[in-house]
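Asks: As input, take work_17.txt (compact mmCIF, N, CA and C atoms):
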# COMPACT_ATOMS: atom_id res chain seq x y z
N MET A 235 -40.51 -46.87 14.79
CA MET A 235 -40.56 -45.70 15.65
C MET A 235 -42.02 -45.42 16.01
N ALA A 236 -42.29 -44.98 17.18
CA ALA A 236 -43.65 -44.74 17.64
C ALA A 236 -44.25 -43.54 16.93
N ALA A 237 -45.56 -43.57 16.79
CA ALA A 237 -46.26 -42.45 16.17
C ALA A 237 -46.17 -41.25 17.10
N SER A 238 -46.07 -40.07 16.50
CA SER A 238 -46.04 -38.86 17.30
C SER A 238 -46.90 -37.81 16.63
N LYS A 239 -47.49 -36.98 17.40
CA LYS A 239 -48.34 -35.91 16.89
C LYS A 239 -47.48 -34.74 16.46
N SER A 240 -47.99 -33.99 15.48
CA SER A 240 -47.32 -32.76 15.08
C SER A 240 -47.32 -31.80 16.25
N GLN A 241 -46.29 -30.95 16.33
CA GLN A 241 -46.24 -29.96 17.39
C GLN A 241 -46.90 -28.66 16.98
N ILE A 242 -47.51 -28.61 15.81
CA ILE A 242 -48.15 -27.39 15.35
C ILE A 242 -49.53 -27.31 16.00
N PRO A 243 -49.78 -26.27 16.80
CA PRO A 243 -51.10 -26.14 17.43
C PRO A 243 -52.19 -25.97 16.38
N THR A 244 -53.41 -26.40 16.73
CA THR A 244 -54.53 -26.32 15.81
C THR A 244 -54.74 -24.90 15.30
N SER A 245 -54.58 -23.90 16.16
CA SER A 245 -54.77 -22.52 15.74
C SER A 245 -53.78 -22.14 14.63
N GLU A 246 -52.54 -22.63 14.73
CA GLU A 246 -51.55 -22.35 13.68
C GLU A 246 -51.89 -23.11 12.40
N LEU A 247 -52.39 -24.33 12.55
CA LEU A 247 -52.81 -25.08 11.36
C LEU A 247 -53.94 -24.35 10.65
N GLU A 248 -54.84 -23.77 11.40
CA GLU A 248 -55.93 -23.02 10.78
C GLU A 248 -55.40 -21.80 10.04
N LEU A 249 -54.41 -21.12 10.60
CA LEU A 249 -53.80 -19.98 9.91
C LEU A 249 -53.14 -20.42 8.61
N ILE A 250 -52.43 -21.53 8.67
CA ILE A 250 -51.78 -22.06 7.46
C ILE A 250 -52.84 -22.45 6.43
N PHE A 251 -53.88 -23.14 6.90
CA PHE A 251 -54.97 -23.54 6.01
C PHE A 251 -55.54 -22.31 5.31
N ASN A 252 -55.77 -21.25 6.05
CA ASN A 252 -56.36 -20.04 5.48
C ASN A 252 -55.46 -19.39 4.44
N LYS A 253 -54.14 -19.58 4.56
CA LYS A 253 -53.23 -19.06 3.54
C LYS A 253 -53.40 -19.81 2.22
N PHE A 254 -53.67 -21.11 2.32
CA PHE A 254 -53.90 -21.91 1.12
C PHE A 254 -55.27 -21.61 0.51
N ASP A 255 -56.26 -21.42 1.36
CA ASP A 255 -57.65 -21.22 0.92
C ASP A 255 -57.86 -19.77 0.49
N THR A 256 -57.32 -19.41 -0.65
CA THR A 256 -57.31 -18.02 -1.08
C THR A 256 -58.69 -17.47 -1.42
N ASN A 257 -59.62 -18.31 -1.86
CA ASN A 257 -60.95 -17.80 -2.18
C ASN A 257 -61.92 -17.89 -1.00
N LYS A 258 -61.41 -18.36 0.14
CA LYS A 258 -62.14 -18.40 1.42
C LYS A 258 -63.45 -19.19 1.35
N ASP A 259 -63.42 -20.30 0.58
CA ASP A 259 -64.61 -21.15 0.51
C ASP A 259 -64.55 -22.32 1.49
N GLY A 260 -63.50 -22.35 2.34
CA GLY A 260 -63.38 -23.40 3.33
C GLY A 260 -62.77 -24.69 2.80
N ARG A 261 -62.19 -24.62 1.60
CA ARG A 261 -61.60 -25.80 0.98
C ARG A 261 -60.32 -25.39 0.25
N ILE A 262 -59.34 -26.29 0.24
CA ILE A 262 -58.13 -26.07 -0.55
C ILE A 262 -58.29 -26.86 -1.84
N SER A 263 -58.25 -26.15 -2.94
CA SER A 263 -58.39 -26.78 -4.26
C SER A 263 -57.01 -27.07 -4.85
N HIS A 264 -57.02 -27.80 -5.92
CA HIS A 264 -55.80 -28.12 -6.67
C HIS A 264 -55.06 -26.85 -7.05
N SER A 265 -55.78 -25.87 -7.62
CA SER A 265 -55.11 -24.65 -8.08
C SER A 265 -54.61 -23.81 -6.91
N GLU A 266 -55.34 -23.77 -5.80
CA GLU A 266 -54.88 -23.02 -4.63
C GLU A 266 -53.58 -23.63 -4.08
N LEU A 267 -53.52 -24.94 -4.03
CA LEU A 267 -52.32 -25.62 -3.55
C LEU A 267 -51.12 -25.27 -4.43
N ARG A 268 -51.28 -25.39 -5.73
CA ARG A 268 -50.17 -25.10 -6.65
C ARG A 268 -49.75 -23.64 -6.59
N THR A 269 -50.72 -22.73 -6.48
CA THR A 269 -50.41 -21.30 -6.45
C THR A 269 -49.60 -20.93 -5.21
N LEU A 270 -50.03 -21.40 -4.04
CA LEU A 270 -49.30 -21.05 -2.82
C LEU A 270 -47.91 -21.67 -2.81
N LEU A 271 -47.80 -22.93 -3.21
CA LEU A 271 -46.48 -23.56 -3.23
C LEU A 271 -45.56 -22.85 -4.22
N ALA A 272 -46.11 -22.40 -5.34
CA ALA A 272 -45.30 -21.65 -6.30
C ALA A 272 -44.83 -20.34 -5.69
N SER A 273 -45.69 -19.67 -4.91
CA SER A 273 -45.30 -18.41 -4.27
C SER A 273 -44.18 -18.62 -3.25
N LEU A 274 -44.07 -19.86 -2.74
CA LEU A 274 -43.00 -20.19 -1.80
C LEU A 274 -41.76 -20.71 -2.52
N GLY A 275 -41.81 -20.74 -3.85
CA GLY A 275 -40.66 -21.17 -4.62
C GLY A 275 -40.61 -22.66 -4.91
N SER A 276 -41.70 -23.36 -4.64
CA SER A 276 -41.75 -24.80 -4.87
C SER A 276 -42.63 -25.08 -6.08
N THR A 277 -42.00 -25.38 -7.20
CA THR A 277 -42.75 -25.66 -8.41
C THR A 277 -43.10 -27.15 -8.44
N ILE A 278 -44.39 -27.43 -8.42
CA ILE A 278 -44.83 -28.82 -8.48
C ILE A 278 -45.72 -29.00 -9.70
N SER A 279 -45.71 -30.19 -10.24
CA SER A 279 -46.53 -30.49 -11.41
C SER A 279 -47.97 -30.67 -10.99
N SER A 280 -48.84 -30.67 -11.96
CA SER A 280 -50.25 -30.91 -11.70
C SER A 280 -50.45 -32.29 -11.08
N THR A 281 -49.69 -33.26 -11.56
CA THR A 281 -49.76 -34.63 -11.02
C THR A 281 -49.33 -34.68 -9.57
N GLU A 282 -48.24 -33.97 -9.24
CA GLU A 282 -47.78 -33.93 -7.85
C GLU A 282 -48.80 -33.26 -6.94
N ALA A 283 -49.41 -32.17 -7.42
CA ALA A 283 -50.44 -31.48 -6.62
C ALA A 283 -51.64 -32.41 -6.40
N SER A 284 -52.02 -33.14 -7.43
CA SER A 284 -53.14 -34.09 -7.30
C SER A 284 -52.83 -35.16 -6.26
N ALA A 285 -51.59 -35.66 -6.28
CA ALA A 285 -51.19 -36.68 -5.31
C ALA A 285 -51.20 -36.13 -3.89
N MET A 286 -50.72 -34.90 -3.71
CA MET A 286 -50.73 -34.28 -2.39
C MET A 286 -52.16 -34.12 -1.88
N LEU A 287 -53.04 -33.64 -2.75
CA LEU A 287 -54.44 -33.47 -2.34
C LEU A 287 -55.09 -34.80 -2.01
N LYS A 288 -54.83 -35.79 -2.84
CA LYS A 288 -55.43 -37.11 -2.61
C LYS A 288 -55.03 -37.68 -1.26
N GLU A 289 -53.79 -37.44 -0.87
CA GLU A 289 -53.30 -37.94 0.40
C GLU A 289 -54.04 -37.32 1.59
N MET A 290 -54.46 -36.07 1.45
CA MET A 290 -55.16 -35.37 2.54
C MET A 290 -56.68 -35.49 2.45
N ASP A 291 -57.21 -35.76 1.26
CA ASP A 291 -58.64 -35.70 0.97
C ASP A 291 -59.36 -36.97 1.43
N ALA A 292 -59.68 -37.04 2.72
CA ALA A 292 -60.27 -38.24 3.30
C ALA A 292 -61.64 -38.58 2.71
N ASP A 293 -62.45 -37.57 2.39
CA ASP A 293 -63.79 -37.86 1.85
C ASP A 293 -63.81 -37.95 0.33
N GLU A 294 -62.64 -37.82 -0.29
CA GLU A 294 -62.45 -37.99 -1.73
C GLU A 294 -63.37 -37.11 -2.59
N ASP A 295 -63.55 -35.86 -2.14
CA ASP A 295 -64.39 -34.94 -2.92
C ASP A 295 -63.57 -34.01 -3.82
N GLY A 296 -62.26 -34.20 -3.86
CA GLY A 296 -61.41 -33.43 -4.75
C GLY A 296 -60.81 -32.17 -4.15
N SER A 297 -61.11 -31.90 -2.90
CA SER A 297 -60.53 -30.75 -2.21
C SER A 297 -60.34 -31.11 -0.74
N VAL A 298 -59.67 -30.23 -0.01
CA VAL A 298 -59.35 -30.51 1.39
C VAL A 298 -59.98 -29.43 2.27
N ASP A 299 -60.80 -29.86 3.23
CA ASP A 299 -61.38 -28.90 4.17
C ASP A 299 -60.48 -28.81 5.40
N LEU A 300 -60.81 -27.90 6.30
CA LEU A 300 -59.97 -27.66 7.47
C LEU A 300 -59.82 -28.92 8.32
N LYS A 301 -60.89 -29.68 8.51
CA LYS A 301 -60.82 -30.89 9.33
C LYS A 301 -59.83 -31.89 8.72
N GLU A 302 -59.91 -32.10 7.41
CA GLU A 302 -58.99 -33.02 6.74
C GLU A 302 -57.55 -32.51 6.85
N PHE A 303 -57.36 -31.21 6.70
CA PHE A 303 -56.04 -30.60 6.79
C PHE A 303 -55.45 -30.81 8.18
N GLU A 304 -56.25 -30.56 9.21
CA GLU A 304 -55.78 -30.75 10.58
C GLU A 304 -55.48 -32.21 10.88
N GLU A 305 -56.38 -33.11 10.45
CA GLU A 305 -56.17 -34.54 10.70
C GLU A 305 -54.91 -35.04 10.02
N PHE A 306 -54.69 -34.59 8.80
CA PHE A 306 -53.50 -35.01 8.07
C PHE A 306 -52.23 -34.57 8.79
N HIS A 307 -52.22 -33.35 9.28
CA HIS A 307 -51.01 -32.79 9.89
C HIS A 307 -50.81 -33.18 11.35
N THR A 308 -51.74 -33.90 11.93
CA THR A 308 -51.57 -34.32 13.33
C THR A 308 -51.62 -35.82 13.50
N LYS A 309 -51.84 -36.58 12.43
CA LYS A 309 -52.11 -38.01 12.58
C LYS A 309 -50.90 -38.93 12.59
N THR A 310 -49.87 -38.62 11.84
CA THR A 310 -48.87 -39.65 11.58
C THR A 310 -47.53 -39.40 12.23
N ASP A 311 -46.75 -40.43 12.20
CA ASP A 311 -45.39 -40.32 12.70
C ASP A 311 -44.48 -39.84 11.59
N VAL A 312 -43.29 -39.45 11.99
CA VAL A 312 -42.27 -39.04 11.04
C VAL A 312 -41.09 -39.96 11.27
N GLY A 313 -41.32 -41.24 11.03
CA GLY A 313 -40.30 -42.24 11.25
C GLY A 313 -39.35 -42.29 10.08
N GLY A 314 -38.73 -43.42 9.89
CA GLY A 314 -37.74 -43.56 8.84
C GLY A 314 -38.31 -43.91 7.49
N LYS A 315 -39.61 -43.89 7.33
CA LYS A 315 -40.20 -44.27 6.06
C LYS A 315 -39.74 -43.35 4.95
N GLU A 316 -39.40 -43.96 3.85
CA GLU A 316 -38.83 -43.23 2.72
C GLU A 316 -39.73 -42.10 2.23
N GLU A 317 -41.02 -42.34 2.08
CA GLU A 317 -41.94 -41.32 1.58
C GLU A 317 -42.04 -40.14 2.55
N GLU A 318 -42.08 -40.43 3.83
CA GLU A 318 -42.18 -39.36 4.82
C GLU A 318 -40.92 -38.51 4.83
N VAL A 319 -39.77 -39.15 4.69
CA VAL A 319 -38.51 -38.40 4.65
C VAL A 319 -38.48 -37.53 3.39
N LYS A 320 -38.96 -38.06 2.29
CA LYS A 320 -39.01 -37.30 1.04
C LYS A 320 -39.90 -36.07 1.21
N GLU A 321 -41.06 -36.25 1.84
CA GLU A 321 -41.97 -35.12 2.05
C GLU A 321 -41.35 -34.08 2.98
N LEU A 322 -40.67 -34.54 4.01
CA LEU A 322 -40.00 -33.60 4.90
C LEU A 322 -38.91 -32.83 4.16
N LYS A 323 -38.18 -33.51 3.29
CA LYS A 323 -37.12 -32.85 2.52
C LYS A 323 -37.73 -31.79 1.61
N GLU A 324 -38.88 -32.09 1.01
CA GLU A 324 -39.55 -31.10 0.16
C GLU A 324 -39.98 -29.89 0.98
N ALA A 325 -40.49 -30.14 2.18
CA ALA A 325 -40.88 -29.03 3.06
C ALA A 325 -39.65 -28.22 3.47
N PHE A 326 -38.57 -28.91 3.81
CA PHE A 326 -37.32 -28.24 4.17
C PHE A 326 -36.84 -27.35 3.02
N ASP A 327 -36.92 -27.87 1.80
CA ASP A 327 -36.44 -27.14 0.63
C ASP A 327 -37.22 -25.85 0.37
N VAL A 328 -38.48 -25.79 0.82
CA VAL A 328 -39.25 -24.56 0.67
C VAL A 328 -38.55 -23.43 1.44
N TYR A 329 -38.01 -23.75 2.59
CA TYR A 329 -37.32 -22.76 3.42
C TYR A 329 -35.88 -22.53 2.98
N ASP A 330 -35.21 -23.59 2.55
CA ASP A 330 -33.80 -23.53 2.18
C ASP A 330 -33.66 -22.98 0.76
N LYS A 331 -33.89 -21.69 0.60
CA LYS A 331 -33.94 -21.06 -0.72
C LYS A 331 -32.63 -21.16 -1.49
N ASP A 332 -31.50 -21.06 -0.80
CA ASP A 332 -30.22 -21.08 -1.51
C ASP A 332 -29.64 -22.49 -1.65
N ARG A 333 -30.38 -23.48 -1.18
CA ARG A 333 -30.03 -24.90 -1.31
C ARG A 333 -28.66 -25.24 -0.74
N ASP A 334 -28.32 -24.59 0.38
CA ASP A 334 -27.04 -24.89 1.02
C ASP A 334 -27.20 -25.92 2.14
N GLY A 335 -28.41 -26.45 2.31
CA GLY A 335 -28.64 -27.46 3.34
C GLY A 335 -28.92 -26.89 4.71
N LEU A 336 -29.12 -25.57 4.78
CA LEU A 336 -29.37 -24.90 6.05
C LEU A 336 -30.48 -23.87 5.88
N ILE A 337 -31.31 -23.73 6.91
CA ILE A 337 -32.32 -22.67 6.92
C ILE A 337 -31.75 -21.55 7.77
N SER A 338 -31.57 -20.40 7.15
CA SER A 338 -31.02 -19.23 7.85
C SER A 338 -32.17 -18.38 8.40
N PRO A 339 -31.87 -17.49 9.33
CA PRO A 339 -32.91 -16.59 9.81
C PRO A 339 -33.55 -15.78 8.68
N ARG A 340 -32.76 -15.34 7.71
CA ARG A 340 -33.29 -14.57 6.57
C ARG A 340 -34.25 -15.43 5.74
N GLU A 341 -33.87 -16.67 5.47
CA GLU A 341 -34.75 -17.56 4.70
C GLU A 341 -36.06 -17.80 5.45
N LEU A 342 -35.97 -18.03 6.74
CA LEU A 342 -37.17 -18.24 7.55
C LEU A 342 -38.04 -16.99 7.52
N MET A 343 -37.44 -15.82 7.66
CA MET A 343 -38.18 -14.56 7.64
C MET A 343 -38.89 -14.37 6.30
N ASP A 344 -38.20 -14.67 5.20
CA ASP A 344 -38.79 -14.51 3.86
C ASP A 344 -40.01 -15.42 3.67
N VAL A 345 -39.88 -16.69 4.08
CA VAL A 345 -41.00 -17.63 3.92
C VAL A 345 -42.16 -17.24 4.82
N MET A 346 -41.86 -16.86 6.04
CA MET A 346 -42.92 -16.43 6.96
C MET A 346 -43.65 -15.22 6.37
N GLY A 347 -42.92 -14.31 5.75
CA GLY A 347 -43.54 -13.14 5.12
C GLY A 347 -44.49 -13.53 4.01
N VAL A 348 -44.07 -14.48 3.17
CA VAL A 348 -44.94 -14.96 2.09
C VAL A 348 -46.22 -15.56 2.66
N LEU A 349 -46.09 -16.20 3.82
CA LEU A 349 -47.25 -16.81 4.47
C LEU A 349 -48.09 -15.78 5.23
N GLY A 350 -47.66 -14.52 5.21
CA GLY A 350 -48.40 -13.47 5.89
C GLY A 350 -48.08 -13.33 7.36
N GLU A 351 -47.03 -14.00 7.81
CA GLU A 351 -46.61 -13.95 9.20
C GLU A 351 -45.32 -13.15 9.27
N GLU A 352 -45.43 -11.84 9.30
CA GLU A 352 -44.25 -10.98 9.31
C GLU A 352 -43.48 -11.17 10.61
N LYS A 353 -42.20 -11.51 10.48
CA LYS A 353 -41.31 -11.69 11.63
C LYS A 353 -40.03 -10.90 11.38
N SER A 354 -39.42 -10.43 12.45
CA SER A 354 -38.14 -9.73 12.33
C SER A 354 -37.01 -10.78 12.29
N ILE A 355 -35.84 -10.34 11.88
CA ILE A 355 -34.68 -11.23 11.90
C ILE A 355 -34.44 -11.73 13.33
N LYS A 356 -34.59 -10.84 14.31
CA LYS A 356 -34.38 -11.22 15.70
C LYS A 356 -35.37 -12.32 16.10
N GLU A 357 -36.64 -12.18 15.72
CA GLU A 357 -37.63 -13.22 16.04
C GLU A 357 -37.28 -14.54 15.36
N CYS A 358 -36.84 -14.46 14.12
CA CYS A 358 -36.48 -15.67 13.38
C CYS A 358 -35.24 -16.34 13.99
N LYS A 359 -34.29 -15.54 14.45
CA LYS A 359 -33.12 -16.11 15.13
C LYS A 359 -33.57 -16.85 16.39
N GLY A 360 -34.53 -16.27 17.11
CA GLY A 360 -35.05 -16.93 18.30
C GLY A 360 -35.75 -18.23 17.98
N MET A 361 -36.52 -18.24 16.89
CA MET A 361 -37.20 -19.47 16.47
C MET A 361 -36.17 -20.54 16.11
N ILE A 362 -35.15 -20.14 15.39
CA ILE A 362 -34.10 -21.08 14.99
C ILE A 362 -33.34 -21.59 16.20
N ASN A 363 -33.03 -20.72 17.14
CA ASN A 363 -32.30 -21.14 18.34
C ASN A 363 -33.05 -22.21 19.11
N GLY A 364 -34.38 -22.22 18.99
CA GLY A 364 -35.17 -23.22 19.68
C GLY A 364 -34.99 -24.63 19.16
N VAL A 365 -34.48 -24.79 17.93
CA VAL A 365 -34.28 -26.12 17.36
C VAL A 365 -32.84 -26.38 16.91
N ASP A 366 -32.01 -25.37 17.01
CA ASP A 366 -30.62 -25.46 16.56
C ASP A 366 -29.78 -26.22 17.58
N GLN A 367 -29.59 -27.50 17.35
CA GLN A 367 -28.90 -28.34 18.32
C GLN A 367 -27.38 -28.21 18.26
N ASP A 368 -26.83 -27.85 17.11
CA ASP A 368 -25.37 -27.76 17.01
C ASP A 368 -24.84 -26.34 17.24
N GLY A 369 -25.75 -25.40 17.48
CA GLY A 369 -25.34 -24.04 17.83
C GLY A 369 -24.75 -23.21 16.71
N ASP A 370 -25.01 -23.59 15.44
CA ASP A 370 -24.43 -22.83 14.34
C ASP A 370 -25.30 -21.66 13.87
N GLY A 371 -26.49 -21.50 14.46
CA GLY A 371 -27.37 -20.40 14.07
C GLY A 371 -28.26 -20.71 12.89
N PHE A 372 -28.27 -21.96 12.45
CA PHE A 372 -29.07 -22.40 11.31
C PHE A 372 -29.82 -23.67 11.69
N VAL A 373 -30.79 -24.04 10.86
CA VAL A 373 -31.47 -25.33 11.03
C VAL A 373 -31.07 -26.21 9.86
N ASN A 374 -30.42 -27.34 10.16
CA ASN A 374 -30.09 -28.29 9.10
C ASN A 374 -31.23 -29.30 8.98
N PHE A 375 -31.14 -30.20 8.02
CA PHE A 375 -32.24 -31.12 7.77
C PHE A 375 -32.49 -32.05 8.95
N GLU A 376 -31.45 -32.51 9.60
CA GLU A 376 -31.64 -33.41 10.76
C GLU A 376 -32.37 -32.69 11.89
N GLU A 377 -32.02 -31.45 12.13
CA GLU A 377 -32.71 -30.66 13.16
C GLU A 377 -34.16 -30.41 12.76
N PHE A 378 -34.38 -30.16 11.48
CA PHE A 378 -35.74 -29.96 10.96
C PHE A 378 -36.58 -31.21 11.15
N LYS A 379 -36.00 -32.38 10.82
CA LYS A 379 -36.73 -33.65 11.01
C LYS A 379 -37.10 -33.86 12.48
N LYS A 380 -36.17 -33.60 13.38
CA LYS A 380 -36.45 -33.77 14.81
C LYS A 380 -37.54 -32.80 15.26
N MET A 381 -37.49 -31.57 14.78
CA MET A 381 -38.50 -30.60 15.15
C MET A 381 -39.88 -31.06 14.68
N MET A 382 -39.96 -31.57 13.46
CA MET A 382 -41.23 -31.98 12.89
C MET A 382 -41.78 -33.27 13.52
N SER A 383 -40.90 -34.09 14.07
CA SER A 383 -41.35 -35.35 14.65
C SER A 383 -41.70 -35.20 16.12
N GLY A 384 -41.44 -34.04 16.67
CA GLY A 384 -41.80 -33.79 18.07
C GLY A 384 -40.79 -34.35 18.96
If you convert what's in this file into structure tokens, what do you get?
Replies:
Amino acid sequence: MAASKSQIPTSELELIFNKFDTNKDGRISHSELRTLLASLGSTISSTEASAMLKEMDADEDGSVDLKEFEEFHTKTDVGGKEEEVKELKEAFDVYDKDRDGLISPRELMDVMGVLGEEKSIKECKGMINGVDQDGDGFVNFEEFKKMMSG
């Protein structure tokens, strides 16, 4: 499958980066990564956090700056590769709080709130409608993968 860029605009990536960079030093550290993911309900081990950082840390200094964060999130394709599908599933699971295989407007609203992006149920329904291909009012994993691959 051909490589495709992320559809997340740079300004949104910077907002997301700033949510991770809690001490505002311009870098995402191991502990900042684990803390934010835990606040989203995703418990990862220290080893998993290290692996995630290593994947983004182009200059190998042990942390991720905004440039590395942006490059990581805009560089690759989301083809059928097993590791990429696994990472997408982990991202999907952050939103799918009740593990029913669907992201509901309420789940989206809750996660957006944790990220500091307060949205109403109506706004979240609108966001979901933009990617909901089967018209059920939810985002399933296949729809999520298509959205993330552009």
Asks: Would you list the contacts of region 283-290 of chain A as a list of chain:residue names, taking every protein, DNA or RNA residue within 6.5 Å and counting all atoms listed in the file, but skipping same-chain residues closer than 3 positions in sequence?
Replies: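 Answer for this query is A:His264, A:Arg268, A:Ile278, A:Ser279, A:Ser280, A:Asp293, A:Val298, A:Glu302, A:Phe303, A:Phe306.
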Asks: Using only C-alpha atoms, which of A:Leu271, A:Val373, A:Met343, A:Ile262 sits nearest Glu357 (chain A)?
Replies: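 Counting only C-alpha atoms, the residue closest to Glu357 (chain A) is A:Met343.
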Asks: Which one is closest to Glu341 (chain A): A:Phe378, A:Tyr329, A:Phe251, A:Phe372? Count only N, CA and C atoms.
Replies: A:Tyr329
Asks: Which residue, A:Glu246, A:Ser273, A:Ala325, A:Leu267, has the smallest gap to Leu349 (chain A) when you use all atoms listed in the file?
Replies: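 Smallest distance to Leu349 (chain A) is found for A:Ser273.
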Asks: Got a sec: who's within 8 Å of Arg261 (chain A), counting only C-alpha atoms, leaving out chain neighbours fewer than 5 positions off, as a compact mmCIF listing (two decimals) with N, CA and C atoms, keeping the file's coordinate frame?
Replies:
# COMPACT_ATOMS: atom_id res chain seq x y z
N ASP A 255 -56.26 -21.42 1.36
CA ASP A 255 -57.65 -21.22 0.92
C ASP A 255 -57.86 -19.77 0.49
N SER A 297 -61.11 -31.90 -2.90
CA SER A 297 -60.53 -30.75 -2.21
C SER A 297 -60.34 -31.11 -0.74
N VAL A 298 -59.67 -30.23 -0.01
CA VAL A 298 -59.35 -30.51 1.39
C VAL A 298 -59.98 -29.43 2.27
N ASP A 299 -60.80 -29.86 3.23
CA ASP A 299 -61.38 -28.90 4.17
C ASP A 299 -60.48 -28.81 5.40
N LEU A 300 -60.81 -27.90 6.30
CA LEU A 300 -59.97 -27.66 7.47
C LEU A 300 -59.82 -28.92 8.32
Asks: Report as a PyMOL selection string: the residues of region 241-357 of chain A with a DSSP assignment of helix (DSSP H, G or I), based on the backbone of this structure.
Replies: chain A and resi 244-254+264-273+280-290+300-309+316-329+339-348+355-357
Asks: Pick out each residue of chain A that DSSP on the backbone tags as strand (DSSP E or B); I need them as a list in words.
Replies: Arg261, Ile262, Val298, Asp299, Leu336, Ile337, Val373 and Asn374 of chain A
Asks: Grab the atom C of Phe254 (chain A) to atom C of Gly364 (chain A) distance for me, in Å with one decimal place.
Replies: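 Computing it gives 27.7 Å between the two atoms.
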Asks: Report the distance between CA of Ser354 (chain A) and CA of Lys253 (chain A) in Å, rounded to one decimal place.
Replies: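 Separating CA of Ser354 (chain A) from CA of Lys253 (chain A) is a distance of 19.8 Å.
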Asks: Would you work out the distance separating atom N of Gly260 (chain A) from atom N of Gly347 (chain A), expressed in Å to one decimal?
Replies: 22.4 Å
Asks: For region 265-276 of chain A, which lacks atoms in the input, supply N, CA, C and O atoms and format the output as a CSV table (one decimal), in the frame of the given file.
Replies:
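Done, and the output landed in selection.csv:
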chain,number,residue,atom,x,y,z
A,265,SER,N,-55.8,-25.9,-7.6
A,265,SER,CA,-55.1,-24.6,-8.1
A,265,SER,C,-54.6,-23.8,-6.9
A,265,SER,O,-53.5,-23.2,-7.0
A,266,GLU,N,-55.3,-23.8,-5.8
A,266,GLU,CA,-54.9,-23.0,-4.6
A,266,GLU,C,-53.6,-23.6,-4.1
A,266,GLU,O,-52.7,-22.9,-3.7
A,267,LEU,N,-53.5,-24.9,-4.0
A,267,LEU,CA,-52.3,-25.6,-3.6
A,267,LEU,C,-51.1,-25.3,-4.4
A,267,LEU,O,-50.1,-24.9,-3.9
A,268,ARG,N,-51.3,-25.4,-5.7
A,268,ARG,CA,-50.2,-25.1,-6.6
A,268,ARG,C,-49.8,-23.6,-6.6
A,268,ARG,O,-48.6,-23.3,-6.6
A,269,THR,N,-50.7,-22.7,-6.5
A,269,THR,CA,-50.4,-21.3,-6.4
A,269,THR,C,-49.6,-20.9,-5.2
A,269,THR,O,-48.6,-20.2,-5.3
A,270,LEU,N,-50.0,-21.4,-4.0
A,270,LEU,CA,-49.3,-21.0,-2.8
A,270,LEU,C,-47.9,-21.7,-2.8
A,270,LEU,O,-46.9,-21.0,-2.5
A,271,LEU,N,-47.8,-22.9,-3.2
A,271,LEU,CA,-46.5,-23.6,-3.2
A,271,LEU,C,-45.6,-22.8,-4.2
A,271,LEU,O,-44.4,-22.7,-3.9
A,272,ALA,N,-46.1,-22.4,-5.3
A,272,ALA,CA,-45.3,-21.6,-6.3
A,272,ALA,C,-44.8,-20.3,-5.7
A,272,ALA,O,-43.7,-19.9,-5.9
A,273,SER,N,-45.7,-19.7,-4.9
A,273,SER,CA,-45.3,-18.4,-4.3
A,273,SER,C,-44.2,-18.6,-3.2
A,273,SER,O,-43.4,-17.7,-2.9
A,274,LEU,N,-44.1,-19.9,-2.7
A,274,LEU,CA,-43.0,-20.2,-1.8
A,274,LEU,C,-41.8,-20.7,-2.5
A,274,LEU,O,-40.8,-21.1,-1.9
A,275,GLY,N,-41.8,-20.7,-3.8
A,275,GLY,CA,-40.7,-21.2,-4.6
A,275,GLY,C,-40.6,-22.7,-4.9
A,275,GLY,O,-39.6,-23.2,-5.4
A,276,SER,N,-41.7,-23.4,-4.6
A,276,SER,CA,-41.8,-24.8,-4.9
A,276,SER,C,-42.6,-25.1,-6.1
A,276,SER,O,-43.8,-25.0,-6.0
